[in-house]
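**Student:** Sharing a structure here in structure tokens format.
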Amino acid sequence: MALKMVKGSIDRMFDKNLQDLVRGIRNHKEDEAKYISQCIDEIKQELKQDNIAVKANAVCKLTYLQMLGYDISWAAFNIIEVMSASKFTFKRIGYLAASQSFHEGTDVIMLTTNQIRKDLSSPSQYDTGVALTGLSCFVTPDLARDLANDIMTLMSHTKPYIRKKAVLIMYKVFLKYPESLRPAFPRLKEKLEDPDPGVQSAAVNVICELARRNPKNYLSLAPLFFKLMTSSTNNWVLIKIIKLFGALTPLEPRLGKKLIEPLTNLIHSTSAMSLLYECVNTVIAVLISLSSGMPNHSASIQLCVQKLRILIEDSDQNLKYLGLLAMSKILKTHPKSVQSHKDLILQCLDDKDESIRLRALDLLYGMVSKKNLMEIVKKLMTHVDKAEGTTYRDELLTKIIDICSQSNYQYITNFEWYISILVELTRLEGTRHGHLIAAQMLDVAIRVKAIRKFAVSQMSALLDSAHLLASSTQRNGICEVLYAAAWICGEFSEHLQEPHHTLEAMLRPKVTTLPGHIQAVYVQNVVKLYANILQQKEQAGEAEGAQAATQLMVDRLPQFVQSADLEVQERASCILQLVKHIQKLQAKDVPVAEEVSALFAGELNPVAPKAQKKVPVPEGLDLDAWINEPLSDSESEDERPRAVFHEEEQRRPKHRPSEADEEELARRREARKQEQANNPFYIKSSPSPQKRYQDTPGVEHIPVVQIDLSVPLKVPGLPMSDQYVKLEEERRHRQKLEKDKRRKKRKEKKGRRRHSSLPTESDEDIAPAQRVDIVTEEMPENALPSDEDDKDPNDPYRALDIDLDKPLADSEKLPVQKHRNAETSKSPEKDVPVVEKKSKKPKKKEKKHKEKERNQEKREKKKAEDLDFWLSTTPPPAPVPAPAPSTEELSVNAITTLKDECEDAKTEAQDEEGNAEGQDQDKKSPKQKKKKHKKEKEERTKGKKKSKKQRLGGEEAAGEPVQNGAPEEEPLPVRA
Amino acid sequence: MIKFFLMVNKQGQTRLSKYYEHVDINKRTLLETEVIKSCLSRSNEQCSFIEYKDFKLIYRQYAALFIVVGVNDTENEMAIYEFIHNFVEVLDEYFSQVSELDIMFNLDKVHIILDEMVLNGCIVETNRARILAPLLILDKMSES
């Protein structure tokens, strides 16, 4: 035995430790993989030995290798062995390895339950601590269930070090074992008022996370948090609390009213940027929840926007980014106050940092109005030209399209301008968003009827120009635009100026280099165009022209028939035969145009993307029921099933053999009509009138001004959107003049009330150039308005949506370990008193629980009223200390918290003999004790100095070597 | 909530990694390479926040070492930014003039420090003395 021990320690001397491994890897740069596999073999040997020190060393090395990306799951059992070592130095290595590599799928994890339980109840706080830390990384539902009660007990541990850890682990336990939330919640709530600030902060953290997912259950805690917010000076905690309020206010607008004042105070006073940012965020959330009825509503918004402007103007890029981020939140509800900072945001588009530019783009999206859309897009277009790198350029492109198309093209007053912007965008090289532009072109051409003529002329120019064909190799490239162009020219061919010319352009040999799906559209739309030409020629009596068109088709279509793409080939050969037939008829002088164009009669209307999903199930239709009764059932003739489908299906087999008489036919027709009326899938012949777009406010009443274009619509070459900007300006000017005239007349009648009608141009004043007859997308009748498509049923946080105010039932209690397990009873004498203490505790707790329950039931009823009362008292119960800790106060408080720390440290020191920490702290404590007795004034002066020091610390550049400031100060996220 | 905490050097070698939600070992290496790539591609003039998939990355560079923290959308970016510096200050106090080698050779100790500061994805402790207390005791224990 002794020999073995000696042998073990000798072995250990020759083993590599972690440092040797790291050095070795650095020395074997060429054959690193080989060296590591050699090391792993050594480690495997080491793990086979009995000596725990050797094993721990091996596991330590494995942890390093795991970080480098090597799988160490094979050593899971050895890790558990090291975890159960009695010596803390080894134990923590085991727990570290476990926390890095274990997860829910690790099967040996169930072996750890008893070991962890033993460690949790260990007399050494560091054993308990390391077990808790490890547990937070690999807790499974089973572990959570088995250990929930132990961890809950630790939440009331005497040492704050353990308490705060236990509180935080509970969050993971709740997630894995939701049943534990209700029994543990009262204690968690207690911890919000724990004397130790660390524990308090831990509890705030946990409740914040819980409340973020299911805020309504935590509304009753609002008064408590409010108290914490006005009394706490720890910025980390304040940030969390303020964040929590941000989640709560949407549910209770009255809470928001109460918050505004303390929050604005904080905004004014704090020097910590992180806190300022958080306050602004929450004020924004509050203002969003308060729809109206706030007296100094606009004052707070102004304050926020001002502060954000300072952030954005700061030279620190981080602040700039955050400022823009917060600004976008204000934008959603108060676009006006952000719009006044347009200059600043446009300036950010020139920033060197791409993420800042992208944020600024997001903001622009919400800032547009009818008035400034053209200007903003023009600015963006210049950026598109300048932009380096396709990703940013693509982002710009999508943003331009987003901005213009938002809320049903609400801000576009001139669609000619928009089409020309789209056409200009087609000149972008290397973009991957060709399909986006194409989709826009199609959408606008289909939905804005007035623009079709212009769109067609532009599209035919696109078809004619060669540059798009050149880029045809790239998938999703700009050639996608041709898809739209071809379709628009075909579908609305009646608007074409020179149809024959376009027809030729579409039949060019080079078209065959395009991707298959685009060619298919070409082929199909060539026929539409052809049908249109035939009709025109026949009406004009030019038989020769018609025949020439036919000949062109016959000549050129074979190139598509040879296509490798199935779709193109099939369509082309089909159409070729059709055209040949027409040719024969034409030779006999038979008029064919009428019949050919009948092929494409009728109009295609857009269908909303979710239309299919929204179709309501007709009353009486049971989709799960049998359509035909199973055969064994006897059929009775008189049976009249309610469902329409039933009727149809049952009748058919019966009547088919016999010829239906006149009466039967009439009945069937009736039935069919009824079915059609009930059938949402049936496409009716004409769209019902109420589907027309009617939402644009006041569009109908605005007199439509016909624009008198001085320039011909068809611009040779590619159009320039700038022209339309100028035209639009002129048009608006004219409109304004007219209005002013009218106004003057009115004024003369009314008398002198000038101030009320200053000639300010607001959004509503601008009438769109085209009659914005935007066809809405079709939806089935009685579509369900609900929009529940986005909810995820697998959200793990749903399980935590539990009413916490209900009294606890006995069945809900956490499973308590009934009998001590073998391992604890075997533990050395030193443990015994502690174990007894622990085993008594739960009993006491239970008693307490029952008492509490009784009290709680009484309290519950009151609670709801209490919250109401608290919220309805509008002037906040004047928080005794000034709600906003100024820099001075901050540091004073830092000192007072320090005192707490020292006392803490002292008690801890008493608990542990020969504790280094205690000695360390004692050296400093006399100084602080003196301070305690000094007058507050002196503390303040001291505090001022301190605050300066802190500020210095905050200014340290990131790259510089770190200087150690006063070691005792509570580091706050202060940025001066 | 903090989702992961990384220390990666300019060559893309991971020096410390800690995940607060389980990520498969194969995906870890991939994630780490992508993260460091996006950090390296940025200049000093750019802000320290990167939007990456569902995460927001907050990073700081100390000499050749990047510290990158991945958080979800509920975290205050600025606070995390300060927290990284706080962490480095603690390392600096313990190792006195911390270097990359210190971190490599004492990986387990750096983990202890980090575990004292962040637990379960939440910042628990920012006071230097209290963070280092357990570690100092440990050092005493192993000396004796």
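Scheme for the structure tokens: letters A, B, ... for chains in order shown; per-chain residue numbers from 1; ligand numbers from 1 in order shown.
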Neighbours of B:Glu32 within 9 Å (only C-alpha atoms; same-chain residues fewer than 4 positions away dropped), as a PDB file with C-alpha atoms, in the first residue's frame?

**Tutor:**
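Okay, this is what ended up in result37.pdb:
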```pdb
ATOM      1  CA  LEU B   6     -14.473  34.191 -25.179  1.00  0.00           C
ATOM      2  CA  VAL B   8      -9.299  34.788 -28.540  1.00  0.00           C
ATOM      3  CA  GLY B  12      -7.720  33.090 -33.943  1.00  0.00           C
ATOM      4  CA  GLN B  13      -6.566  30.766 -31.160  1.00  0.00           C
ATOM      5  CA  THR B  14      -9.040  30.417 -28.344  1.00  0.00           C
ATOM      6  CA  SER B  17     -14.162  29.907 -23.652  1.00  0.00           C
ATOM      7  CA  LYS B  27     -20.297  24.116 -33.397  1.00  0.00           C
ATOM      8  CA  ARG B  28     -18.153  25.856 -30.804  1.00  0.00           C
ATOM      9  CA  ILE B  36     -13.027  36.272 -34.219  1.00  0.00           C
ATOM     10  CA  LYS B  37     -13.231  36.819 -37.934  1.00  0.00           C
TER      11      LYS B  37
END
```

**Student:** Please identify all polymer residues within 9 Å of stretch 38-44 of chain B, counting only C-alpha atoms, omitting same-chain residues fewer than 3 positions from it, and present them as a PyMOL selection string.

**Tutor:** (chain A and resi 353) or (chain B and resi 10+33-35+47-48+50+52+57+59+66+68)

**Student:** Could you jot down the atom CA of A:Ala75 to atom CA of A:Glu46 separation for me, Å, one decimal place?

**Tutor:** 11.6 Å

**Student:** Which residues come within 8 Å of B:Phe5, counting only C-alpha atoms, excluding same-chain residues fewer than 2 positions away, as a ChimeraX atom specification?

**Tutor:** /B:2-3,7,16-19,67-70

**Student:** Stretch 294-532 of chain A: which residues are helix (DSSP H, G or I) by DSSP, as an MDAnalysis selection string?

**Tutor:** chainID A and resid 297:313 317:333 335:339 342:348 354:367 373:386 390:409 415:425 434:447 449:464 467:470 480:491 493:495 499:506 509:513 516:532

**Student:** Would you mind telling me which residue in A:Arg452, A:Lys510, A:Lys189, A:Lys342 lies nearest to A:Val204 when using only C-alpha atoms?

**Tutor:**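 Of A:Arg452, A:Lys510, A:Lys189, A:Lys342, the one nearest A:Val204 is A:Lys189, counting only C-alpha atoms.
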
**Student:** Between atom CA of A:Lys813 and atom CA of A:Cys137, what is the distance, to one decimal in Å?

**Tutor:** 25.1 Å

**Student:** What does the distance from atom CA of A:Gly134 to atom CA of A:Cys39 come to in Å, to one decimal?

**Tutor:**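 Atom CA of A:Cys39 lies at a distance of 26.0 Å from atom CA of A:Gly134.
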
**Student:** With only C-alpha atoms as the basis for distance, which of A:Leu188, A:Ala202, A:Ile301, A:Ile241 is at the shortest distance from B:Asn76?

**Tutor:**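 Distance minimum relative to B:Asn76 lands on A:Ile241.
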
**Student:** Here is a test: counting only C-alpha atoms, which residue of A:Val368, A:Leu422, A:Ala131, A:Ile239 is nearest to chain B?

**Tutor:**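 Smallest separation from chain B among the options: A:Ile239.
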
**Student:** Which one is closest to chain A: B:Asp73, B:Asp24, B:Asp102, B:Glu82? Count only C-alpha atoms.

**Tutor:** B:Glu82

**Student:** Which residues are close to B:Glu100, i.e. within 10 Å by only C-alpha atoms, leaving aside same-chain residues fewer than 2 positions away? Reply as a list in words.

**Tutor:** Met7, Val8, Asn9, Arg15, Tyr62, Ala63, Ala64, Leu65, Val98, Asp102, Ile103, Met104 and Phe105 of chain B

**Student:** Would you save the residues of that selection, restricted to N, CA, C and O atoms, as a CSV table (one decimal), in the first residue's frame?

**Tutor:**
```csv
chain,number,residue,atom,x,y,z
B,7,MET,N,-12.1,34.4,-25.0
B,7,MET,CA,-10.9,35.2,-25.1
B,7,MET,C,-10.1,34.5,-26.3
B,7,MET,O,-9.8,33.4,-26.3
B,8,VAL,N,-9.9,35.3,-27.3
B,8,VAL,CA,-9.3,34.8,-28.5
B,8,VAL,C,-8.2,35.7,-28.9
B,8,VAL,O,-8.3,37.0,-28.8
B,9,ASN,N,-7.1,35.2,-29.4
B,9,ASN,CA,-6.0,36.1,-29.8
B,9,ASN,C,-6.1,36.4,-31.3
B,9,ASN,O,-7.0,35.9,-32.0
B,15,ARG,N,-8.3,31.2,-26.2
B,15,ARG,CA,-7.5,31.2,-25.0
B,15,ARG,C,-8.4,30.9,-23.8
B,15,ARG,O,-8.0,30.5,-22.8
B,62,TYR,N,-7.3,43.9,-26.1
B,62,TYR,CA,-6.2,44.2,-25.2
B,62,TYR,C,-4.9,43.6,-25.8
B,62,TYR,O,-4.8,42.4,-25.9
B,63,ALA,N,-4.1,44.5,-26.3
B,63,ALA,CA,-2.9,44.0,-27.1
B,63,ALA,C,-3.4,43.0,-28.2
B,63,ALA,O,-4.2,43.4,-29.0
B,64,ALA,N,-2.9,41.8,-28.1
B,64,ALA,CA,-3.3,40.9,-29.2
B,64,ALA,C,-4.5,40.1,-28.8
B,64,ALA,O,-4.8,39.1,-29.6
B,65,LEU,N,-5.0,40.3,-27.7
B,65,LEU,CA,-6.1,39.5,-27.2
B,65,LEU,C,-7.5,40.2,-27.3
B,65,LEU,O,-7.6,41.3,-26.9
B,98,VAL,N,-1.0,41.3,-16.4
B,98,VAL,CA,-1.4,40.0,-17.0
B,98,VAL,C,-1.0,39.9,-18.5
B,98,VAL,O,-1.0,41.0,-19.2
B,102,ASP,N,0.0,34.1,-19.1
B,102,ASP,CA,-0.6,33.9,-17.8
B,102,ASP,C,-1.9,33.2,-17.9
B,102,ASP,O,-2.2,32.3,-17.2
B,103,ILE,N,-2.7,33.7,-18.9
B,103,ILE,CA,-4.0,33.1,-19.1
B,103,ILE,C,-3.9,31.7,-19.5
B,103,ILE,O,-4.7,30.8,-19.1
B,104,MET,N,-3.0,31.4,-20.4
B,104,MET,CA,-2.9,30.0,-20.9
B,104,MET,C,-2.4,29.1,-19.9
B,104,MET,O,-2.9,28.0,-19.7
B,105,PHE,N,-1.4,29.5,-19.1
B,105,PHE,CA,-0.8,28.6,-18.1
B,105,PHE,C,-1.8,28.4,-16.9
B,105,PHE,O,-1.6,27.4,-16.2
```

**Student:** Quick one: residues within 10 Å of B:Val110, only C-alpha atoms, excluding same-chain residues fewer than 2 positions away - as a list in words?

**Tutor:**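 Once the adjacent positions are removed, what remains is Leu16, Phe87, Val90, Leu91, Tyr94, Phe95, Asp102, Ile103, Met104, Phe105, Asn106, Leu107, Asp108, Ile112, Ile113, Leu114, Asp115, Glu116 and Leu135 of chain B.
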
**Student:** Can you list, as a PyMOL selection string, every residue of stretch 1-140 of chain B that DSSP puts in strand (DSSP E or B)?

**Tutor:** chain B and resi 2-9+14-19+49-52+55-62+65-71+118-119+122-123

**Student:** Take the residues from that selection and write them out as a compact mmCIF listing (two decimals), in the first residue's frame, keeping C-alpha atoms.

**Tutor:**
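And here's selection.txt as it stands now:
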```txt
# COMPACT_ATOMS: atom_id res chain seq x y z
CA ILE B 2 -24.63 36.50 -21.27
CA LYS B 3 -24.53 33.57 -23.65
CA PHE B 4 -20.81 33.05 -23.97
CA PHE B 5 -17.52 34.58 -22.96
CA LEU B 6 -14.47 34.19 -25.18
CA MET B 7 -10.86 35.18 -25.13
CA VAL B 8 -9.30 34.79 -28.54
CA ASN B 9 -5.99 36.06 -29.81
CA THR B 14 -9.04 30.42 -28.34
CA ARG B 15 -7.51 31.19 -24.98
CA LEU B 16 -10.63 30.87 -22.88
CA SER B 17 -14.16 29.91 -23.65
CA LYS B 18 -17.16 29.66 -21.45
CA TYR B 19 -20.65 28.93 -22.65
CA PHE B 49 -20.87 46.02 -30.91
CA ILE B 50 -21.59 43.54 -33.64
CA GLU B 51 -24.89 42.02 -34.48
CA TYR B 52 -24.26 38.38 -35.13
CA PHE B 55 -26.55 37.47 -30.51
CA LYS B 56 -25.01 40.77 -29.99
CA LEU B 57 -21.24 40.58 -29.68
CA ILE B 58 -19.48 43.06 -27.46
CA TYR B 59 -15.73 43.01 -27.72
CA ARG B 60 -12.66 44.79 -26.48
CA GLN B 61 -9.12 44.38 -27.60
CA TYR B 62 -6.19 44.25 -25.19
CA LEU B 65 -6.09 39.48 -27.20
CA PHE B 66 -9.75 39.96 -27.90
CA ILE B 67 -12.35 39.48 -25.24
CA VAL B 68 -15.70 38.84 -26.82
CA VAL B 69 -18.95 38.50 -24.96
CA GLY B 70 -22.06 37.22 -26.67
CA VAL B 71 -25.30 38.45 -25.15
CA VAL B 118 -20.51 35.66 -13.95
CA LEU B 119 -22.86 32.96 -12.90
CA CYS B 122 -25.62 37.04 -14.99
CA ILE B 123 -23.03 39.38 -13.58
```
